[in-house]
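J.: Submitted below is the structure of interest, expressed as structure tokens.
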Amino acid sequence: MLPRDPRDRNLAPMEQRDHFLEECEALAAVLDAVPSDGWDRATQFKGWTINDVVRHLYVWNRAADRAVFEPDAFRLWIDKVLPVMPQAGMRGVERTEVRARGRALFDLWQAQYGEMGDRWAALDPKARVAWVGPDMSVRSAITARQMETWAHGMEVFDLLGLIRDETDRIRNVVVLGVNTFGWSHKVHGRPVPSELPFLELIAPSGAVWQFGTPSDTQQIAGQAVEFAQVVTQTRNVEDTALRVTGDVAKGWMARAQCFAGPPETPPAPGTRFRMTG
């Protein structure tokens with residue numbers, strides 16, 4: 001993978017790499033305080049434990065890193081694990097890959113994302129990199145890793161009853177959600193509507209982010225964080241204060257899926273929330 005050319009003035013700094021590291025650090029600060037007997041607590045996401053969450057992030061961060069710097073090894077690994085995943089399940093594959101648990105797993109994950117961040121700082125954001133599905137840009141690959149960290153971090157914050165200090169780096173997840181409007185329909189076997197609903201979202205900073213053509217009949221308005229929760233399937237749209245107008249907008253929010261893989265059903269209303277007491 002060739003690094004960026006420092007003489008190319010058209011290549012903006014890859015802030016998404018910084019945002020990935022910031023997302024990891026925000027989750028690490030919470031995990032650092034989890035006692036040794038707390039790592040097997042089940043979250044609201046399919047019964048995954050905290051061990052499962054961190055192992056998942058570690059395995060796929062490492063895979064993304066390998067796809068850039070060891071593409072042949074990445075392809076061999078993918079060809080090995082994909083055929084067994086339907087039977088073993090994702091958690092089964094990941095447990096085979098990494099046996100560490102608790103603090104030892106935390107240390108592995110933290111060391112890996114730090115080293116990965118250092119390596120990716122010099123990459124050309126536009127360069128193409130292989131993945132499980134179609135190739136993607138380096139910028140998209142690191143954005144996907146931020147999204148996964150943020151989304152799976154949500155189940156940890158929810159389990160521990162904590163409110164995450166959100167920042168405008170959530171825009172990367174929002175943009176990913178917008179860009180997968182078509183995918184959210186295709187993966188569920190539905191035709192893609194001809195036009196994206198108009199989005200008017202409030203950033204954590206108070207800034208207003210707009211996407212699409214202004215429309216009074218097909219519109220989604222509200223907090224950017226809640227939109228990100230819906231497209232990552234960490235909340236049912238009915239558990240948010242998003243204002244959703246029009247059949248296209250409502251259909252999208254009912255099945256939005258900004259991540260790759262088979263079609264997934266969003267959580268049922270009332271099943272994902274911040275726990276208290």
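Within each chain, counting starts at residue 1; across the structure tokens, chains are named A, B, ... in the order shown, with ligands numbered 1 upward in that order.
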Compile a residue-level contact table for region 131-192 of chain A against region 215-225 of chain A at a cut-off of 10 Å, reporting for every qualifying residue the shortest atom pair and its distance in Å to one decimal, with only C-alpha atoms counted, rows ordered by chain and ascending number, as CSV.
T.:
```
residue,atom,partner,partner_atom,distance
A:Glu166,CA,A:Val225,CA,7.8
A:Thr167,CA,A:Val225,CA,9.2
A:Asp168,CA,A:Ala224,CA,9.1
A:Ile170,CA,A:Val225,CA,6.9
A:Arg171,CA,A:Ala224,CA,7.6
A:Val173,CA,A:Val225,CA,8.9
A:Val174,CA,A:Ala224,CA,6.9
```
J.: Run DSSP on the backbone of this structure and report the residues of region 1-240 of chain A it assigns to strand (DSSP E or B), as a list in words.
T.: Pro3, Ala42, Thr49, Leu123, Arg128, Val129, Met136, Ser137, Phe198, Leu199, Glu200, Leu201, Ile202, Val208, Trp209, Gln210, Phe211, Gln219, Ile220, Ala221, Gly222 and Gln223 of chain A
J.: Need to verify the contact set: Ala33 (chain A), 12 Å, only C-alpha atoms, exclusion of same-chain residues closer than 3 positions in sequence. Can you return it as an MDAnalysis selection string?
T.: chainID A and resid 27:30 36:39 102:103 106 156 160
J.: Go ahead and save the residues from that selection, with C-alpha atoms, as a PDB file, in the first residue's frame.
T.:
```pdb
ATOM      1  CA  LEU A  27     -14.537   3.184  24.784  1.00  0.00           C
ATOM      2  CA  ALA A  28     -11.216   2.212  26.373  1.00  0.00           C
ATOM      3  CA  ALA A  29     -11.723   4.755  29.163  1.00  0.00           C
ATOM      4  CA  VAL A  30     -14.962   2.985  30.106  1.00  0.00           C
ATOM      5  CA  SER A  36     -12.556  -8.648  36.227  1.00  0.00           C
ATOM      6  CA  ASP A  37     -15.898 -10.278  37.023  1.00  0.00           C
ATOM      7  CA  GLY A  38     -17.789  -7.837  34.774  1.00  0.00           C
ATOM      8  CA  TRP A  39     -16.442  -8.962  31.391  1.00  0.00           C
ATOM      9  CA  GLY A 102     -10.840  -9.666  30.293  1.00  0.00           C
ATOM     10  CA  ARG A 103      -7.817  -7.492  30.923  1.00  0.00           C
ATOM     11  CA  PHE A 106      -8.329  -5.308  26.601  1.00  0.00           C
ATOM     12  CA  VAL A 156     -21.270  -1.395  26.617  1.00  0.00           C
ATOM     13  CA  LEU A 160     -23.058   0.159  32.347  1.00  0.00           C
TER      14      LEU A 160
END
```
J.: Residues of region 16-142 of chain A in helix (DSSP H, G or I) according to DSSP, as a PyMOL selection string?
T.: chain A and resi 16-31+36-38+50-69+71-97+102-120+138-142
J.: Within 9 Å of Arg169 (chain A), counting only C-alpha atoms, which residues show up once you throw out same-chain ones fewer than 5 positions away? Write them as JSON, numbers by chain, please.
T.: {"A": [16, 19, 20, 22, 23]}
J.: Mind dumping the selected residues with C-alpha atoms as a PDB file, in the first residue's frame?
T.:
```pdb
ATOM      1  CA  GLN A  16     -11.301   9.825   9.896  1.00  0.00           C
ATOM      2  CA  HIS A  19     -11.748   9.977  14.745  1.00  0.00           C
ATOM      3  CA  PHE A  20     -11.282   6.196  14.799  1.00  0.00           C
ATOM      4  CA  GLU A  22     -10.737   8.987  19.475  1.00  0.00           C
ATOM      5  CA  GLU A  23     -13.656   6.538  19.357  1.00  0.00           C
TER       6      GLU A  23
END
```
J.: Quick one: everything within 10 Å of Gly261 (chain A), counting only C-alpha atoms, minus sequence neighbours fewer than 3 positions away in the same chain. Send it as a compact mmCIF listing (two decimals) with all heavy atoms, in the first residue's frame.
T.:
```txt
# COMPACT_ATOMS: atom_id res chain seq x y z
N VAL A 132 -14.26 -7.85 2.92
CA VAL A 132 -15.07 -9.06 2.81
C VAL A 132 -15.95 -9.00 1.57
O VAL A 132 -16.12 -9.99 0.86
CB VAL A 132 -15.92 -9.24 4.08
CG1 VAL A 132 -16.79 -10.49 3.98
CG2 VAL A 132 -15.03 -9.30 5.31
N GLY A 133 -16.53 -7.83 1.29
CA GLY A 133 -17.32 -7.61 0.09
C GLY A 133 -16.48 -6.89 -0.95
O GLY A 133 -15.31 -7.21 -1.15
N VAL A 187 -30.13 -5.04 0.37
CA VAL A 187 -29.83 -6.19 1.23
C VAL A 187 -31.09 -6.85 1.76
O VAL A 187 -31.10 -8.04 2.09
CB VAL A 187 -28.89 -5.77 2.40
CG1 VAL A 187 -29.63 -4.94 3.44
CG2 VAL A 187 -28.26 -6.99 3.05
N GLN A 257 -29.56 -0.21 7.48
CA GLN A 257 -28.43 -1.08 7.82
C GLN A 257 -27.19 -0.52 7.14
O GLN A 257 -27.02 -0.70 5.94
CB GLN A 257 -28.72 -2.51 7.36
CG GLN A 257 -27.61 -3.49 7.63
CD GLN A 257 -27.98 -4.92 7.26
OE1 GLN A 257 -29.14 -5.33 7.34
NE2 GLN A 257 -27.00 -5.71 6.86
N CYS A 258 -26.34 0.13 7.90
CA CYS A 258 -25.17 0.77 7.29
C CYS A 258 -23.95 -0.13 7.28
O CYS A 258 -22.86 0.30 6.91
CB CYS A 258 -24.86 2.09 8.00
SG CYS A 258 -24.09 1.88 9.61
N GLU A 264 -30.10 -7.78 8.41
CA GLU A 264 -30.29 -7.85 9.85
C GLU A 264 -31.55 -7.08 10.22
O GLU A 264 -31.87 -6.05 9.62
CB GLU A 264 -29.09 -7.28 10.60
CG GLU A 264 -27.81 -8.06 10.42
CD GLU A 264 -27.78 -9.36 11.21
OE1 GLU A 264 -28.69 -9.57 12.04
OE2 GLU A 264 -26.84 -10.16 11.00
```
J.: Which residues are near Arg91 (chain A)? Cut-off 10 Å, only C-alpha atoms, ignore same chain within fewer than 5 positions. Put them as JSON, numbers by chain.
T.: {"A": [48, 52, 53, 55, 56, 85, 96, 97]}
J.: Residues near region 271-274 of chain A, anyone? I mean within 8 Å using only C-alpha atoms, not counting same-chain ones fewer than 5 positions away, as a ChimeraX atom specification.
T.: /A:44-45,157-163,234-236
J.: So what do you get for CA of Val59 (chain A) versus CA of Pro134 (chain A), distance-wise?
T.: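 Computing it gives 19.3 Å between the two atoms.
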J.: Which residue is closest to Asn61 (chain A)? Choose from A:Gly92, A:Gly47, A:Gly117, A:Pro263 and count only C-alpha atoms.
T.: A:Gly117
J.: For Pro204 (chain A), which residue out of A:Val129, A:Asp165, A:Met147, A:Gly177 is the nearest one, using only C-alpha atoms?
T.: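 Distance minimum relative to Pro204 (chain A) lands on A:Asp165.
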J.: Taking only residues of region 94-199 of chain A that have an atom at most 10 Å from an atom of region 208-214 of chain A, what is each one's shortest atom pair and its distance in Å to one decimal, using only C-alpha atoms, in chain and number order, as JSON lines?
T.:
```
{"residue": "A:Arg171", "atom": "CA", "partner": "A:Trp209", "partner_atom": "CA", "distance": 8.6}
{"residue": "A:Val174", "atom": "CA", "partner": "A:Trp209", "partner_atom": "CA", "distance": 9.6}
{"residue": "A:Val175", "atom": "CA", "partner": "A:Phe211", "partner_atom": "CA", "distance": 8.9}
{"residue": "A:Val178", "atom": "CA", "partner": "A:Phe211", "partner_atom": "CA", "distance": 7.9}
{"residue": "A:Glu195", "atom": "CA", "partner": "A:Gly212", "partner_atom": "CA", "distance": 8.1}
{"residue": "A:Leu196", "atom": "CA", "partner": "A:Gly212", "partner_atom": "CA", "distance": 6.0}
{"residue": "A:Pro197", "atom": "CA", "partner": "A:Gly212", "partner_atom": "CA", "distance": 6.3}
{"residue": "A:Phe198", "atom": "CA", "partner": "A:Gly212", "partner_atom": "CA", "distance": 4.7}
{"residue": "A:Leu199", "atom": "CA", "partner": "A:Phe211", "partner_atom": "CA", "distance": 5.0}
```
J.: Go through A:Asp239, A:Pro191, A:Glu15, A:Leu201 one by one, measure the shortest atom-to-atom distance of each to Trp252 (chain A) using only C-alpha atoms, and give the residue with the smallest value.
T.: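 Closest to Trp252 (chain A), using only C-alpha atoms: A:Pro191.
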J.: Counting only C-alpha atoms, figure out which residue out of A:Val248, A:Arg62, A:Pro269, A:Arg190 gets nearest to Glu115 (chain A).
T.: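 Smallest separation from Glu115 (chain A) among the options: A:Arg62.
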J.: Taking a cut-off of 10 Å and counting only C-alpha atoms, can you build a table that, for each residue of region 29-110 of chain A near region 135-145 of chain A, reports the nearest atom pair and how far apart they are in Å (one decimal), sorted by chain then residue number, as a tab-separated table?
T.:
```
residue	atom	partner	partner_atom	distance
A:Leu57	CA	A:Arg145	CA	8.2
A:Trp60	CA	A:Arg145	CA	8.1
A:Asn61	CA	A:Arg145	CA	6.6
A:Ala64	CA	A:Ala141	CA	7.2
A:Asp65	CA	A:Ile142	CA	9.3
A:Ala67	CA	A:Ala141	CA	9.8
A:Val68	CA	A:Val138	CA	8.2
```
